[in-house]
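Coordinates from data_14.cif are shown below (mmCIF, C-alpha atoms and all ligand atoms).
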data_query
loop_
_atom_site.label_atom_id
_atom_site.label_comp_id
_atom_site.auth_asym_id
_atom_site.auth_seq_id
_atom_site.Cartn_x
_atom_site.Cartn_y
_atom_site.Cartn_z
CA MET A 27 34.06 107.17 68.42
CA ARG A 28 31.97 110.12 67.25
CA ILE A 29 33.36 112.24 64.38
CA ASP A 30 31.75 115.43 63.04
CA VAL A 31 33.13 117.17 59.95
CA VAL A 32 32.05 120.68 58.93
CA SER A 33 32.82 121.72 55.34
CA ILE A 34 31.48 123.78 52.45
CA PHE A 35 32.13 120.69 50.27
CA PRO A 36 30.41 117.85 52.14
CA GLU A 37 30.57 115.72 48.94
CA TYR A 38 34.37 115.65 49.36
CA LEU A 39 33.86 113.47 52.43
CA ALA A 40 31.80 110.84 50.53
CA ALA A 41 34.94 108.68 50.45
CA LEU A 42 34.37 108.02 54.17
CA ASP A 43 31.58 105.63 53.08
CA LEU A 44 34.16 103.33 51.45
CA SER A 45 36.53 100.56 52.53
CA LEU A 46 37.47 99.97 56.17
CA ILE A 47 36.13 103.29 57.44
CA GLY A 48 32.82 102.76 55.61
CA LYS A 49 32.56 99.26 57.08
CA ALA A 50 33.30 100.58 60.59
CA ARG A 51 30.48 103.12 60.16
CA GLN A 52 28.07 100.37 59.05
CA ASP A 53 29.15 98.25 62.02
CA GLY A 54 28.49 101.16 64.40
CA VAL A 55 32.13 101.38 65.54
CA LEU A 56 32.47 104.88 64.05
CA ASP A 57 29.65 107.44 64.06
CA VAL A 58 30.69 109.94 61.34
CA ARG A 59 28.49 112.94 60.50
CA VAL A 60 29.27 115.48 57.80
CA HIS A 61 27.72 118.96 57.98
CA ASP A 62 27.46 121.65 55.28
CA LEU A 63 28.70 124.98 56.67
CA ARG A 64 26.33 126.87 54.34
CA THR A 65 23.28 125.53 56.18
CA PHE A 66 24.43 127.69 59.12
CA THR A 67 24.32 130.96 57.16
CA THR A 68 21.28 133.27 57.27
CA ASP A 69 21.68 135.54 54.21
CA ARG A 70 20.15 134.88 50.80
CA HIS A 71 23.53 134.18 49.20
CA ARG A 72 24.63 131.82 51.99
CA THR A 73 27.87 133.76 52.35
CA VAL A 74 30.73 132.05 54.17
CA ASP A 75 33.63 134.36 53.29
CA ASP A 76 34.66 138.00 53.03
CA THR A 77 37.75 140.14 52.33
CA PRO A 78 40.58 140.23 54.90
CA TYR A 79 40.99 143.21 57.27
CA GLY A 80 44.39 144.75 56.61
CA GLY A 81 44.21 143.85 52.95
CA GLY A 82 45.93 141.14 50.98
CA ALA A 83 45.01 138.44 48.53
CA GLY A 84 42.23 135.92 48.97
CA MET A 85 39.21 135.62 51.22
CA VAL A 86 38.69 134.75 54.89
CA MET A 87 35.92 132.55 56.29
CA LYS A 88 33.44 134.53 58.41
CA ALA A 89 33.26 133.75 62.15
CA GLU A 90 29.48 133.56 62.60
CA PRO A 91 28.66 130.58 60.33
CA TRP A 92 31.46 128.64 62.11
CA ALA A 93 30.08 129.54 65.55
CA GLN A 94 26.58 128.44 64.48
CA ALA A 95 27.87 125.15 63.03
CA LEU A 96 30.05 124.34 66.04
CA GLU A 97 27.27 125.24 68.51
CA SER A 98 24.98 122.87 66.61
CA VAL A 99 27.60 120.08 66.84
CA LEU A 100 27.89 120.64 70.61
CA THR A 101 24.10 120.61 71.02
CA GLU A 102 23.74 117.37 69.03
CA ALA A 103 26.61 115.56 70.77
CA PRO A 104 25.55 112.84 73.22
CA ALA A 105 25.37 114.41 76.72
CA SER A 106 27.61 111.64 78.07
CA GLN A 107 30.53 112.88 76.01
CA HIS A 108 33.61 114.63 77.24
CA ARG A 109 34.59 118.06 75.89
CA PRO A 110 35.18 117.36 72.17
CA THR A 111 38.50 117.97 70.42
CA LEU A 112 38.25 120.45 67.53
CA ILE A 113 40.85 119.73 64.85
CA VAL A 114 41.45 122.70 62.57
CA PRO A 115 43.35 121.47 59.48
CA SER A 116 45.86 124.13 58.49
CA PRO A 117 49.36 124.30 57.03
CA ALA A 118 50.04 126.50 60.11
CA GLY A 119 49.25 123.64 62.53
CA ALA A 120 51.35 121.11 64.44
CA VAL A 121 52.44 118.29 62.11
CA PHE A 122 50.24 115.18 62.20
CA ASP A 123 52.12 111.93 62.76
CA GLN A 124 51.48 108.36 63.97
CA ALA A 125 51.90 109.39 67.63
CA MET A 126 49.17 112.04 67.19
CA ALA A 127 46.99 109.47 65.39
CA HIS A 128 47.27 107.17 68.45
CA GLU A 129 46.50 110.05 70.81
CA LEU A 130 43.40 111.08 68.82
CA ALA A 131 42.27 107.42 68.55
CA GLY A 132 41.88 107.43 72.35
CA LEU A 133 39.35 110.29 72.32
CA GLU A 134 35.56 109.97 72.29
CA HIS A 135 34.61 112.86 70.03
CA LEU A 136 36.58 114.55 67.23
CA VAL A 137 35.24 117.54 65.29
CA PHE A 138 37.00 118.72 62.11
CA ALA A 139 36.55 122.30 60.88
CA CYS A 140 37.53 122.38 57.19
CA GLY A 141 38.69 125.87 56.31
CA ARG A 142 39.06 127.05 52.71
CA TYR A 143 40.49 130.20 51.19
CA GLU A 144 43.04 131.94 53.44
CA GLY A 145 41.57 130.41 56.60
CA ILE A 146 38.92 131.07 59.27
CA ASP A 147 38.53 134.38 61.17
CA GLU A 148 40.80 133.78 64.19
CA ARG A 149 38.09 134.99 66.59
CA ALA A 150 35.98 131.91 65.74
CA ILE A 151 38.93 129.66 66.67
CA ASP A 152 39.44 131.53 69.96
CA TRP A 153 35.70 131.45 70.70
CA ALA A 154 35.66 127.68 70.13
CA ARG A 155 38.18 127.17 72.97
CA ASP A 156 35.29 127.65 75.45
CA GLY A 157 33.61 124.46 74.28
CA PHE A 158 36.36 122.42 72.61
CA ASP A 159 39.94 121.35 73.05
CA VAL A 160 41.18 123.18 69.90
CA ARG A 161 44.12 121.78 67.89
CA PRO A 162 45.37 123.29 64.59
CA VAL A 163 46.92 120.35 62.69
CA SER A 164 48.93 120.17 59.43
CA LEU A 165 49.66 117.16 57.24
CA GLY A 166 53.10 118.49 56.34
CA ASP A 167 55.00 121.36 54.82
CA TYR A 168 53.00 122.00 51.66
CA VAL A 169 49.75 123.82 50.94
CA LEU A 170 46.35 122.31 50.08
CA ASN A 171 43.34 124.35 48.97
CA GLY A 172 41.29 123.32 51.99
CA GLY A 173 41.05 120.96 54.94
CA GLU A 174 38.91 118.25 53.30
CA VAL A 175 41.72 116.10 51.88
CA ALA A 176 43.59 116.42 55.19
CA VAL A 177 40.47 115.24 57.06
CA LEU A 178 40.21 112.16 54.82
CA ALA A 179 43.83 111.33 55.66
CA MET A 180 43.47 111.97 59.40
CA VAL A 181 40.16 110.08 59.78
CA GLU A 182 41.69 107.08 57.98
CA ALA A 183 44.91 107.15 60.06
CA VAL A 184 42.99 107.55 63.35
CA GLY A 185 40.04 105.30 62.48
CA ARG A 186 42.17 102.27 61.64
CA LEU A 187 43.69 102.38 65.16
CA ILE A 188 40.29 102.00 66.82
CA PRO A 189 39.64 98.42 67.96
CA GLY A 190 37.31 96.65 65.52
CA VAL A 191 38.14 98.82 62.48
CA VAL A 192 41.12 96.82 61.15
CA GLY A 193 40.16 93.11 61.05
CA ASN A 194 43.55 91.77 62.14
CA PRO A 195 45.13 94.01 64.84
CA GLU A 196 48.49 92.22 64.24
CA SER A 197 48.77 94.10 60.95
CA LEU A 198 49.13 97.34 62.98
CA VAL A 199 52.23 96.06 64.78
CA GLU A 200 54.78 95.67 61.96
CA GLU A 201 53.85 98.62 59.73
CA SER A 202 55.88 101.77 59.03
CA HIS A 203 56.20 104.14 62.02
CA ALA A 204 54.83 101.56 64.51
CA ASP A 205 58.31 101.38 66.09
CA GLY A 206 59.69 104.65 64.73
CA LEU A 207 61.24 103.01 61.64
CA LEU A 208 60.04 102.43 58.10
CA GLU A 209 58.73 98.94 57.39
CA TYR A 210 60.84 96.18 55.82
CA PRO A 211 60.23 95.13 52.16
CA VAL A 212 57.64 92.40 51.56
CA TYR A 213 57.29 89.71 48.86
CA THR A 214 54.68 87.14 47.80
CA LYS A 215 54.48 84.22 45.34
CA PRO A 216 56.08 83.35 42.98
CA SER A 217 59.55 83.20 44.62
CA SER A 218 61.13 83.90 41.22
CA TRP A 219 59.46 86.52 39.00
CA ARG A 220 60.82 87.92 35.70
CA GLY A 221 64.30 86.90 36.71
CA ARG A 222 64.08 88.45 40.18
CA ASP A 223 64.36 86.16 43.22
CA ILE A 224 63.17 86.98 46.72
CA PRO A 225 65.91 87.25 49.41
CA GLU A 226 66.83 83.63 50.24
CA VAL A 227 66.58 84.21 54.02
CA LEU A 228 62.78 84.37 53.65
CA LEU A 229 62.77 80.72 52.49
CA SER A 230 65.11 79.55 55.30
CA GLY A 231 62.36 78.76 57.82
CA ASN A 232 64.69 80.26 60.47
CA HIS A 233 62.38 82.73 62.21
CA ALA A 234 65.11 84.36 64.30
CA ARG A 235 67.21 84.94 61.17
CA ILE A 236 64.20 86.32 59.31
CA ALA A 237 63.41 88.69 62.21
CA ARG A 238 67.04 89.94 62.25
CA TRP A 239 67.05 90.42 58.47
CA ARG A 240 63.79 92.39 58.60
CA ARG A 241 65.08 94.62 61.39
CA MET A 242 68.29 95.28 59.41
CA GLU A 243 66.24 96.17 56.32
CA GLN A 244 64.15 98.57 58.42
CA PHE A 245 67.32 100.41 59.44
CA ARG A 246 68.74 100.32 55.92
CA ARG A 247 65.58 101.84 54.46
CA THR A 248 65.16 104.40 57.19
CA ALA A 249 68.79 105.53 56.86
CA ASP A 250 68.36 105.81 53.08
CA ARG A 251 64.91 107.46 52.86
CA ARG A 252 64.30 109.09 56.24
CA PRO A 253 67.56 109.61 58.13
CA ASP A 254 65.75 112.25 60.23
CA LEU A 255 63.86 109.43 61.98
CA LEU A 256 67.00 107.67 63.25
CA GLY A 257 67.75 110.38 65.82
CA ASP A 258 64.64 109.35 67.81
CA ILE A 259 65.58 105.65 68.04
CA ASP A 260 66.54 104.01 71.31
CA ALA A 261 70.14 102.70 70.87
CA THR A 262 69.30 99.35 72.50
CA SER A 263 67.09 98.52 69.50
CA LEU A 264 69.96 98.88 67.01
CA PRO A 265 70.74 95.79 64.88
CA ALA A 266 74.16 95.34 66.57
CA ALA A 267 72.37 94.88 69.92
CA ASP A 268 70.00 92.37 68.27
CA LEU A 269 72.95 90.37 66.91
CA LYS A 270 74.65 90.15 70.32
CA ALA A 271 71.47 88.95 72.02
CL1 LIG B 301 45.81 120.21 57.31
N1 LIG B 301 45.34 122.02 55.44
C1 LIG B 301 45.68 122.75 54.37
N2 LIG B 301 44.81 123.61 53.88
N3 LIG B 301 46.85 122.66 53.77
C2 LIG B 301 47.70 121.77 54.29
C3 LIG B 301 47.40 120.98 55.40
C4 LIG B 301 46.19 121.14 55.96
N4 LIG B 301 48.46 120.20 55.68
C5 LIG B 301 49.37 120.50 54.78
N5 LIG B 301 48.93 121.46 53.93
#

Written form, structure tokens:
Amino acid sequence: MRIDVVSIFPEYLAALDLSLIGKARQDGVLDVRVHDLRTFTTDRHRTVDDTPYGGGAGMVMKAEPWAQALESVLTEAPASQHRPTLIVPSPAGAVFDQAMAHELAGLEHLVFACGRYEGIDERAIDWARDGFDVRPVSLGDYVLNGGEVAVLAMVEAVGRLIPGVVGNPESLVEESHADGLLEYPVYTKPSSWRGRDIPEVLLSGNHARIARWRRMEQFRRTADRRPDLLGDIDATSLPAADLKA
């Protein structure tokens, strides 16, 4: 997968050199390129923002540096590649979730446009629709100062779903959100620690019992912490159905 990130703080994206994503880049599984928006300005002060038409607080990112940067990304992209997807991180976007991460993991080329200040001149976003599949995306209902932290989160969530990035693909199967529920609690040695014992079922060696217990714990946790998720669950996967089987 090819990933381009455009930002006025390219150093923010240095974390993409680390851990699993860094390893995937070294292995050639992910081709990640970070671009400094200011290199696409032409004035002496390398201006990327200006005051908003209509008034109001804060500054707006100018359209032309964005058009120059995105044109450069399109020109550099391998000719074989499909129309890239342009993700515009914004608290005004559609909320990013595991389903979106899977969808994006199936694409060849993602481009992230990190806005700062009050956002990017909307005409640059509209203009980009000629060359990109444009998707404004939010991490959730709170406000960050810019898109960089959101890009780190999205690249990690998407990147780890690409074959060859996570060493053991089995670890993707039983994690939170894989089946629409939160994951069950986990324990490791010692079996008794500071007076706290692990649930005895985990020492039973009865794999069917352990699987039922884990499923029950998933429901218990989800009902307690994220009851909103239970509405989306297929009734045939409820623990009662498991017990009858
Ligand atoms: Cl993707 N960007 C910004 N600036 N703020 C956010 C966000 C994104 N998601 C939640 N808050």

Distance criterion (all atoms listed in the file): nearest to ligand LIG 301 (chain B) out of A:Val191, A:Leu255, A:Ala154, A:Ala139: A:Ala139

Using only C-alpha atoms and all ligand atoms, find each residue of chain A with at least one atom at most 10 Å away from an atom of ligand LIG 301 (chain B); report its shortest atom-to-atom pair and that distance in Å (one decimal), sort the rows by chain and rising residue number, and return the result as JSON lines.
{"residue": "A:Ile113", "atom": "CA", "partner": "B:LIG301", "partner_atom": "CL1", "distance": 9.0}
{"residue": "A:Val114", "atom": "CA", "partner": "B:LIG301", "partner_atom": "CL1", "distance": 7.3}
{"residue": "A:Pro115", "atom": "CA", "partner": "B:LIG301", "partner_atom": "CL1", "distance": 3.5}
{"residue": "A:Ser116", "atom": "CA", "partner": "B:LIG301", "partner_atom": "N1", "distance": 3.7}
{"residue": "A:Pro117", "atom": "CA", "partner": "B:LIG301", "partner_atom": "C2", "distance": 4.1}
{"residue": "A:Ala118", "atom": "CA", "partner": "B:LIG301", "partner_atom": "C3", "distance": 7.7}
{"residue": "A:Gly119", "atom": "CA", "partner": "B:LIG301", "partner_atom": "CL1", "distance": 7.1}
{"residue": "A:Ala120", "atom": "CA", "partner": "B:LIG301", "partner_atom": "CL1", "distance": 9.1}
{"residue": "A:Val121", "atom": "CA", "partner": "B:LIG301", "partner_atom": "N4", "distance": 7.8}
{"residue": "A:Phe122", "atom": "CA", "partner": "B:LIG301", "partner_atom": "CL1", "distance": 8.3}
{"residue": "A:Cys140", "atom": "CA", "partner": "B:LIG301", "partner_atom": "N1", "distance": 8.0}
{"residue": "A:Gly141", "atom": "CA", "partner": "B:LIG301", "partner_atom": "N2", "distance": 7.0}
{"residue": "A:Arg142", "atom": "CA", "partner": "B:LIG301", "partner_atom": "N2", "distance": 6.8}
{"residue": "A:Tyr143", "atom": "CA", "partner": "B:LIG301", "partner_atom": "N2", "distance": 8.3}
{"residue": "A:Glu144", "atom": "CA", "partner": "B:LIG301", "partner_atom": "N2", "distance": 8.5}
{"residue": "A:Gly145", "atom": "CA", "partner": "B:LIG301", "partner_atom": "N2", "distance": 8.0}
{"residue": "A:Pro162", "atom": "CA", "partner": "B:LIG301", "partner_atom": "CL1", "distance": 7.9}
{"residue": "A:Val163", "atom": "CA", "partner": "B:LIG301", "partner_atom": "CL1", "distance": 5.5}
{"residue": "A:Ser164", "atom": "CA", "partner": "B:LIG301", "partner_atom": "CL1", "distance": 3.8}
{"residue": "A:Leu165", "atom": "CA", "partner": "B:LIG301", "partner_atom": "N4", "distance": 3.6}
{"residue": "A:Gly166", "atom": "CA", "partner": "B:LIG301", "partner_atom": "C5", "distance": 4.5}
{"residue": "A:Asp167", "atom": "CA", "partner": "B:LIG301", "partner_atom": "C5", "distance": 5.7}
{"residue": "A:Tyr168", "atom": "CA", "partner": "B:LIG301", "partner_atom": "N5", "distance": 4.7}
{"residue": "A:Val169", "atom": "CA", "partner": "B:LIG301", "partner_atom": "N5", "distance": 3.9}
{"residue": "A:Leu170", "atom": "CA", "partner": "B:LIG301", "partner_atom": "N3", "distance": 3.7}
{"residue": "A:Asn171", "atom": "CA", "partner": "B:LIG301", "partner_atom": "N2", "distance": 5.2}
{"residue": "A:Gly172", "atom": "CA", "partner": "B:LIG301", "partner_atom": "N2", "distance": 4.0}
{"residue": "A:Gly173", "atom": "CA", "partner": "B:LIG301", "partner_atom": "N1", "distance": 4.4}
{"residue": "A:Glu174", "atom": "CA", "partner": "B:LIG301", "partner_atom": "N1", "distance": 7.8}
{"residue": "A:Val175", "atom": "CA", "partner": "B:LIG301", "partner_atom": "N1", "distance": 7.8}
{"residue": "A:Ala176", "atom": "CA", "partner": "B:LIG301", "partner_atom": "CL1", "distance": 4.9}
{"residue": "A:Val177", "atom": "CA", "partner": "B:LIG301", "partner_atom": "CL1", "distance": 7.3}
{"residue": "A:Ala179", "atom": "CA", "partner": "B:LIG301", "partner_atom": "CL1", "distance": 9.2}
{"residue": "A:Met180", "atom": "CA", "partner": "B:LIG301", "partner_atom": "CL1", "distance": 8.8}

Taking (29.8, 126.2, 59.1) in the file's own coordinates, collect the residues within 7 Å, counting all atoms listed in the file, and hand them back as a compact mmCIF listing (two decimals) with C-alpha atoms, in the frame of the given file.
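New file part.txt:
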# COMPACT_ATOMS: atom_id res chain seq x y z
CA VAL A 32 32.05 120.68 58.93
CA SER A 33 32.82 121.72 55.34
CA ASP A 62 27.46 121.65 55.28
CA LEU A 63 28.70 124.98 56.67
CA ARG A 64 26.33 126.87 54.34
CA PHE A 66 24.43 127.69 59.12
CA PRO A 91 28.66 130.58 60.33
CA TRP A 92 31.46 128.64 62.11
CA GLN A 94 26.58 128.44 64.48
CA ALA A 95 27.87 125.15 63.03

If the box runs along x, y and z of the file and leaves 8 Å on each side of segment 142-148 of chain A, what are its centre and edge lengths in Å, one decimal, as AutoDock Vina command-line options?
--center_x 40.8 --center_y 130.7 --center_z 57.7 --size_x 20.5 --size_y 23.3 --size_z 29.0

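Take atom CA of Leu112 of chain A and atom CA of Val160 of chain A: the distance between them is 4.7 Å.
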
Best match for closeness to Arg161 of chain A among A:Ser202, A:Thr111, A:Thr67, A:Ser230, counting all atoms listed in the file: A:Thr111

Counting all atoms listed in the file, the option among A:Phe158, A:Phe35, A:Tyr210, A:Trp219 closest to His61 of chain A: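 Of A:Phe158, A:Phe35, A:Tyr210, A:Trp219, the one nearest His61 of chain A is A:Phe35, counting all atoms listed in the file.
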
Among the residues A:Glu209, A:Asp69, A:Glu243, A:Glu90, the one that comes closest to Ile146 of chain A [using all atoms listed in the file]: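 Of all the options, A:Glu90 lies closest to Ile146 of chain A.
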
Straight-line distance linking atom CA of Ala183 of chain A with atom CA of Arg240 of chain A, stated in Å to one decimal: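 Computed distance, atom CA of Ala183 of chain A to atom CA of Arg240 of chain A, equals 24.0 Å.
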
Distance of atom CA of Lys49 of chain A from atom CA of Glu182 of chain A, expressed in Å to one decimal place: 12.1 Å

Counting only C-alpha atoms, the residue of A:Pro36, A:Pro104, A:Gly206, A:Gly54 that sits nearest Pro253 of chain A: A:Gly206

Selection near Gln124 of chain A, 9 Å with all atoms listed in the file, sequence-local residues under 6 positions removed, as a VMD selection string: chain A and resid 183 to 184 203 to 204

Test item: residues at most 9 Å from Gly132 of chain A, all atoms listed in the file, excluding those fewer than 5 positions along its chain, as a PyMOL selection string: chain A and resi 27+127+187-188

Shell around Arg28 of chain A at 7 Å using all atoms listed in the file, local window under 6 positions removed, as a VMD selection string: chain A and resid 56 to 58 134 to 136

Minimum-distance residue to Arg155 of chain A, chosen among A:Leu228, A:Asn194, A:Val181, A:Arg109 (using all atoms listed in the file): A:Arg109
